[in-house]
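upload_30.tsv follows; it contains TSV, C-alpha atoms.
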```
chain	number	residue	atom	x	y	z
A	21	MET	CA	44.52	-1.45	-9.61
A	22	PRO	CA	42.94	1.74	-11.00
A	23	SER	CA	45.54	3.78	-12.86
A	24	SER	CA	44.59	6.90	-10.84
A	25	LYS	CA	46.49	5.38	-7.90
A	26	VAL	CA	49.61	4.73	-9.99
A	27	THR	CA	51.92	7.48	-8.74
A	28	VAL	CA	55.53	8.36	-9.55
A	29	ASP	CA	56.32	7.64	-5.87
A	30	ARG	CA	54.91	4.11	-5.93
A	31	VAL	CA	56.43	3.20	-9.30
A	32	PHE	CA	59.99	4.35	-8.51
A	33	HIS	CA	59.83	2.79	-5.03
A	34	ALA	CA	58.78	-0.50	-6.67
A	35	LEU	CA	61.50	-0.32	-9.36
A	36	GLY	CA	64.17	0.55	-6.75
A	37	ASP	CA	64.33	-3.12	-5.72
A	38	PRO	CA	66.44	-5.49	-7.93
A	39	THR	CA	64.16	-8.52	-7.35
A	40	ARG	CA	61.09	-6.54	-8.39
A	41	ARG	CA	62.92	-5.31	-11.52
A	42	ALA	CA	63.84	-8.96	-12.28
A	43	ILE	CA	60.12	-9.84	-12.04
A	44	VAL	CA	59.20	-7.00	-14.45
A	45	GLU	CA	61.99	-8.14	-16.83
A	46	ARG	CA	60.69	-11.73	-16.76
A	47	LEU	CA	57.06	-10.68	-17.29
A	48	SER	CA	57.89	-8.41	-20.21
A	49	LYS	CA	58.71	-11.66	-22.07
A	50	GLY	CA	55.22	-13.01	-21.37
A	51	PRO	CA	52.81	-14.01	-18.57
A	52	THR	CA	53.68	-16.77	-16.12
A	53	SER	CA	52.58	-18.30	-12.80
A	54	VAL	CA	53.79	-17.23	-9.35
A	55	SER	CA	55.69	-20.50	-8.81
A	56	ARG	CA	57.47	-20.23	-12.18
A	57	LEU	CA	58.45	-16.66	-11.31
A	58	ALA	CA	59.86	-17.77	-7.95
A	59	ALA	CA	62.10	-20.63	-9.18
A	60	PRO	CA	64.92	-18.70	-10.99
A	61	LEU	CA	64.85	-15.89	-8.40
A	62	GLY	CA	65.85	-18.27	-5.61
A	63	ILE	CA	63.38	-16.76	-3.13
A	64	THR	CA	60.34	-18.16	-1.34
A	65	LEU	CA	56.82	-18.07	-2.76
A	66	THR	CA	55.85	-15.81	0.16
A	67	ALA	CA	58.56	-13.31	-0.79
A	68	VAL	CA	57.45	-13.34	-4.45
A	69	VAL	CA	53.83	-12.74	-3.41
A	70	GLN	CA	54.92	-9.74	-1.32
A	71	HIS	CA	56.91	-8.28	-4.22
A	72	LEU	CA	53.96	-8.90	-6.58
A	73	GLN	CA	51.69	-6.97	-4.22
A	74	VAL	CA	54.00	-3.92	-4.37
A	75	LEU	CA	54.20	-4.26	-8.18
A	76	GLU	CA	50.41	-4.52	-8.49
A	77	GLU	CA	49.87	-1.44	-6.29
A	78	SER	CA	52.23	0.55	-8.52
A	79	GLY	CA	50.58	-0.52	-11.79
A	80	LEU	CA	53.58	-2.51	-13.05
A	81	VAL	CA	52.04	-5.99	-12.85
A	82	ARG	CA	48.58	-7.51	-12.98
A	83	THR	CA	47.71	-10.92	-11.49
A	84	GLU	CA	44.66	-13.08	-12.02
A	85	LYS	CA	43.68	-16.30	-10.28
A	86	LEU	CA	42.19	-19.05	-12.44
A	87	GLY	CA	41.42	-22.18	-10.45
A	88	ARG	CA	44.48	-22.85	-8.27
A	89	VAL	CA	46.99	-20.97	-10.45
A	90	ARG	CA	47.69	-17.23	-10.18
A	91	THR	CA	48.93	-15.85	-13.51
A	92	CYS	CA	51.08	-12.69	-13.55
A	93	ARG	CA	51.46	-10.36	-16.50
A	94	ILE	CA	52.97	-6.95	-17.19
A	95	GLU	CA	50.78	-3.86	-16.75
A	96	THR	CA	51.72	-0.84	-18.84
A	97	ALA	CA	50.49	1.98	-16.55
A	98	GLY	CA	53.49	1.85	-14.20
A	99	LEU	CA	56.15	1.81	-16.93
A	100	SER	CA	54.36	4.73	-18.64
A	101	VAL	CA	54.41	6.81	-15.45
A	102	ALA	CA	58.14	6.17	-14.89
A	103	GLY	CA	58.98	6.77	-18.57
A	104	GLN	CA	57.03	10.04	-18.57
A	105	TRP	CA	58.81	11.31	-15.45
A	106	ILE	CA	62.21	10.65	-17.07
A	107	ALA	CA	61.12	12.22	-20.38
A	108	ASP	CA	59.87	15.34	-18.53
A	109	ARG	CA	63.20	15.79	-16.72
A	110	ARG	CA	65.10	15.40	-19.99
A	111	SER	CA	62.91	17.85	-21.88
A	112	MET	CA	63.25	20.51	-19.14
A	113	TRP	CA	67.01	20.08	-19.22
A	114	GLU	CA	67.12	20.23	-23.04
A	115	ARG	CA	64.95	23.37	-23.13
A	116	ARG	CA	67.45	24.96	-20.75
A	117	LEU	CA	70.32	24.00	-23.06
A	118	ASP	CA	68.40	25.47	-26.04
A	119	ARG	CA	67.97	28.79	-24.21
A	120	LEU	CA	71.68	28.84	-23.37
A	121	GLY	CA	72.45	28.10	-27.02
A	122	ASP	CA	70.23	30.98	-28.18
A	123	LEU	CA	71.97	33.29	-25.73
A	124	LEU	CA	75.42	32.34	-26.99
A	125	ALA	CA	74.28	32.75	-30.63
A	126	GLU	CA	73.09	36.33	-30.09
A	127	PRO	CA	75.48	38.95	-31.50
A	128	GLU	CA	77.35	40.87	-28.83
A	129	GLU	CA	75.98	44.37	-28.27
A	130	SER	CA	79.29	46.10	-27.64
A	131	GLU	CA	80.94	45.92	-31.03
B	25	MET	CA	81.84	9.54	-12.06
B	26	PRO	CA	82.80	7.44	-15.09
B	27	SER	CA	79.68	6.34	-16.95
B	28	SER	CA	80.90	2.71	-16.89
B	29	LYS	CA	79.91	2.56	-13.21
B	30	VAL	CA	76.42	3.93	-13.89
B	31	THR	CA	74.32	0.78	-13.50
B	32	VAL	CA	70.58	0.13	-13.68
B	33	ASP	CA	70.79	-0.98	-10.02
B	34	ARG	CA	72.38	2.26	-8.82
B	35	VAL	CA	70.10	4.52	-10.85
B	36	PHE	CA	66.80	2.93	-9.80
B	37	HIS	CA	67.94	2.71	-6.18
B	38	ALA	CA	68.74	6.43	-6.31
B	39	LEU	CA	65.43	7.35	-7.98
B	40	GLY	CA	63.46	5.21	-5.49
B	41	ASP	CA	63.80	7.97	-2.88
B	42	PRO	CA	61.37	10.95	-3.12
B	43	THR	CA	63.91	13.51	-1.82
B	44	ARG	CA	66.47	12.43	-4.41
B	45	ARG	CA	63.83	12.67	-7.16
B	46	ALA	CA	62.99	16.18	-5.89
B	47	ILE	CA	66.70	17.10	-6.23
B	48	VAL	CA	66.79	15.76	-9.82
B	49	GLU	CA	63.57	17.69	-10.60
B	50	ARG	CA	65.07	20.91	-9.20
B	51	LEU	CA	68.36	20.47	-11.07
B	52	SER	CA	66.66	19.73	-14.40
B	53	LYS	CA	65.61	23.42	-14.26
B	54	GLY	CA	69.26	24.52	-13.94
B	55	PRO	CA	72.37	24.27	-11.72
B	56	THR	CA	72.32	25.52	-8.14
B	57	SER	CA	74.32	25.41	-4.89
B	58	VAL	CA	73.97	22.80	-2.15
B	59	SER	CA	72.48	25.31	0.30
B	60	ARG	CA	69.89	26.52	-2.22
B	61	LEU	CA	68.94	22.89	-2.87
B	62	ALA	CA	68.50	22.24	0.85
B	63	ALA	CA	66.21	25.20	1.69
B	64	PRO	CA	62.92	24.14	-0.02
B	65	LEU	CA	63.46	20.46	0.86
B	66	GLY	CA	63.37	21.22	4.59
B	67	ILE	CA	66.27	18.91	5.36
B	68	THR	CA	69.76	19.52	6.77
B	69	LEU	CA	72.78	20.30	4.61
B	70	THR	CA	74.32	17.01	5.81
B	71	ALA	CA	71.30	15.07	4.53
B	72	VAL	CA	71.43	16.87	1.17
B	73	VAL	CA	75.15	16.09	0.83
B	74	GLN	CA	74.45	12.39	1.51
B	75	HIS	CA	71.68	12.31	-1.13
B	76	LEU	CA	73.96	14.13	-3.60
B	77	GLN	CA	76.64	11.48	-3.07
B	78	VAL	CA	74.17	8.70	-4.00
B	79	LEU	CA	73.03	10.75	-7.02
B	80	GLU	CA	76.62	11.35	-8.16
B	81	GLU	CA	77.50	7.66	-7.84
B	82	SER	CA	74.53	6.78	-10.04
B	83	GLY	CA	75.36	9.34	-12.75
B	84	LEU	CA	72.27	11.50	-12.13
B	85	VAL	CA	74.03	14.58	-10.75
B	86	ARG	CA	77.44	16.21	-11.05
B	87	THR	CA	78.88	18.57	-8.43
B	88	GLU	CA	81.82	20.93	-8.65
B	89	LYS	CA	83.42	23.04	-5.93
B	90	LEU	CA	84.47	26.57	-6.88
B	91	GLY	CA	85.93	28.47	-3.94
B	92	ARG	CA	83.57	27.87	-1.02
B	93	VAL	CA	80.48	27.05	-3.09
B	94	ARG	CA	79.64	23.58	-4.42
B	95	THR	CA	77.50	23.81	-7.56
B	96	CYS	CA	75.22	20.90	-8.50
B	97	ARG	CA	73.96	20.17	-11.99
B	98	ILE	CA	72.09	17.38	-13.77
B	99	GLU	CA	74.13	14.59	-15.38
B	100	THR	CA	72.47	12.80	-18.30
B	101	ALA	CA	74.07	9.33	-17.98
B	102	GLY	CA	71.78	8.17	-15.15
B	103	LEU	CA	68.52	9.30	-16.78
B	104	SER	CA	69.63	7.62	-20.03
B	105	VAL	CA	70.25	4.30	-18.27
B	106	ALA	CA	66.84	4.39	-16.54
B	107	GLY	CA	65.05	5.50	-19.73
B	108	GLN	CA	66.71	2.73	-21.74
B	109	TRP	CA	65.72	0.05	-19.22
B	110	ILE	CA	62.07	1.16	-19.42
B	111	ALA	CA	62.16	1.38	-23.24
B	112	ASP	CA	63.65	-2.15	-23.43
B	113	ARG	CA	60.87	-3.61	-21.26
B	114	ARG	CA	58.23	-1.87	-23.36
B	115	SER	CA	59.70	-3.02	-26.66
B	116	MET	CA	59.91	-6.66	-25.46
B	117	TRP	CA	56.31	-6.48	-24.37
B	118	GLU	CA	55.20	-4.86	-27.64
B	119	ARG	CA	57.07	-7.45	-29.75
B	120	ARG	CA	55.16	-10.13	-27.81
B	121	LEU	CA	51.86	-8.41	-28.59
B	122	ASP	CA	52.85	-8.22	-32.29
B	123	ARG	CA	53.53	-11.96	-32.37
B	124	LEU	CA	50.15	-12.63	-30.72
B	125	GLY	CA	48.52	-10.36	-33.32
B	126	ASP	CA	50.20	-12.25	-36.19
B	127	LEU	CA	49.02	-15.54	-34.70
B	128	LEU	CA	45.42	-14.31	-34.49
B	129	ALA	CA	45.59	-12.94	-38.06
B	130	GLU	CA	46.66	-16.31	-39.52
B	131	PRO	CA	43.86	-18.16	-41.33
B	132	GLU	CA	42.60	-21.22	-39.46
B	133	GLU	CA	43.87	-24.50	-40.90
B	134	SER	CA	40.70	-26.51	-40.33
B	135	GLU	CA	38.27	-24.87	-42.72
```

Any chance you could give the structure as structure tokens?
Amino acid sequence: MPSSKVTVDRVFHALGDPTRRAIVERLSKGPTSVSRLAAPLGITLTAVVQHLQVLEESGLVRTEKLGRVRTCRIETAGLSVAGQWIADRRSMWERRLDRLGDLLAEPEESE
Amino acid sequence: MPSSKVTVDRVFHALGDPTRRAIVERLSKGPTSVSRLAAPLGITLTAVVQHLQVLEESGLVRTEKLGRVRTCRIETAGLSVAGQWIADRRSMWERRLDRLGDLLAEPEESE
């Protein structure tokens, strides 16, 4: 998945689903196979494959087939995009607070 | 909304919708009324109110009614929860990379 197609829309849509977040949590501990991912989630292999497709398209996961086993690992592009969006919102909000602070610190004119 | 009810599930579900993210983006620039929020989004007041309810329940927005006007402002609890979840995944993944690096840096035994 080229990172140019990793958009804020895709990443937050992908992370909006609890099963997909559980997959990202599991993979942040290390790579694993599709069947090992499926077992603790209590869902079918088909369902896991569908979730993995959404996660791959949003740059959160990368999969690679070697022989008969497909290995899944975390991809950093998606988490970076989501983290940056949150950081941007916070910094805009903090800049606003700073301006308000400056305004309150100014000496009153009518004294 | 007490911050104890601000969960990762609620926050990512809320941020998974593009209209709700647009509301958070708008409010990170400063507080505004419900009707001013609705205008550029091209959706009905009823739809905005429904989105605001989801955003309030996930600790991303706070609203307050003064007279006939309801003012909406950003709430930091939700963004903190989402930012922390992303930071945790990244740090787990980076610790794993560090351990791999240490392993590769160890001198080979059979020399």

Problem set entry | Between CA of Arg86 (chain B) and CA of Thr27 (chain A), distance in Å (one decimal) | 27.1 Å

For this session: May I have the residues of chain B within 12 Å of chain A, counting all atoms listed in the file, written as a PyMOL selection string?
Result: chain B and resi 31-55+84+97-121+123-124

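In terms of minimum interatomic distance to Glu76 (chain A), A:Cys92 ranks closest within A:Cys92, A:Val54, A:Ala59, A:Leu124, counting all atoms listed in the file.
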
Exercise. Rounded to one decimal in Å, what is the spacing between CA of Leu79 (chain B) and CA of Val30 (chain B)?
Worked result: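 If I compute the distance from CA of Leu79 (chain B) to CA of Val30 (chain B), I get 10.3 Å.
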
Problem set entry | Gap from CA of Arg94 (chain B) to CA of Thr56 (chain B) - Å, one decimal |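 CA of Thr56 (chain B) lies 8.4 Å from CA of Arg94 (chain B).
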
Would you place a box with edges along x, y and z of the file around all atoms of region 62-73 of chain B listed there, add 4 Å to each of its six sides, and report the centre and edge lengths in Å to one decimal, as JSON?
```
{"center_x": 69.0, "center_y": 20.1, "center_z": 3.4, "size_x": 20.2, "size_y": 18.1, "size_z": 14.8}
```

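Of the listed residues A:Leu72, A:Ala67, A:Pro127, A:Asp122, the one whose atoms come nearest to Glu84 (chain A) is A:Leu72, with distances taken using all atoms listed in the file.
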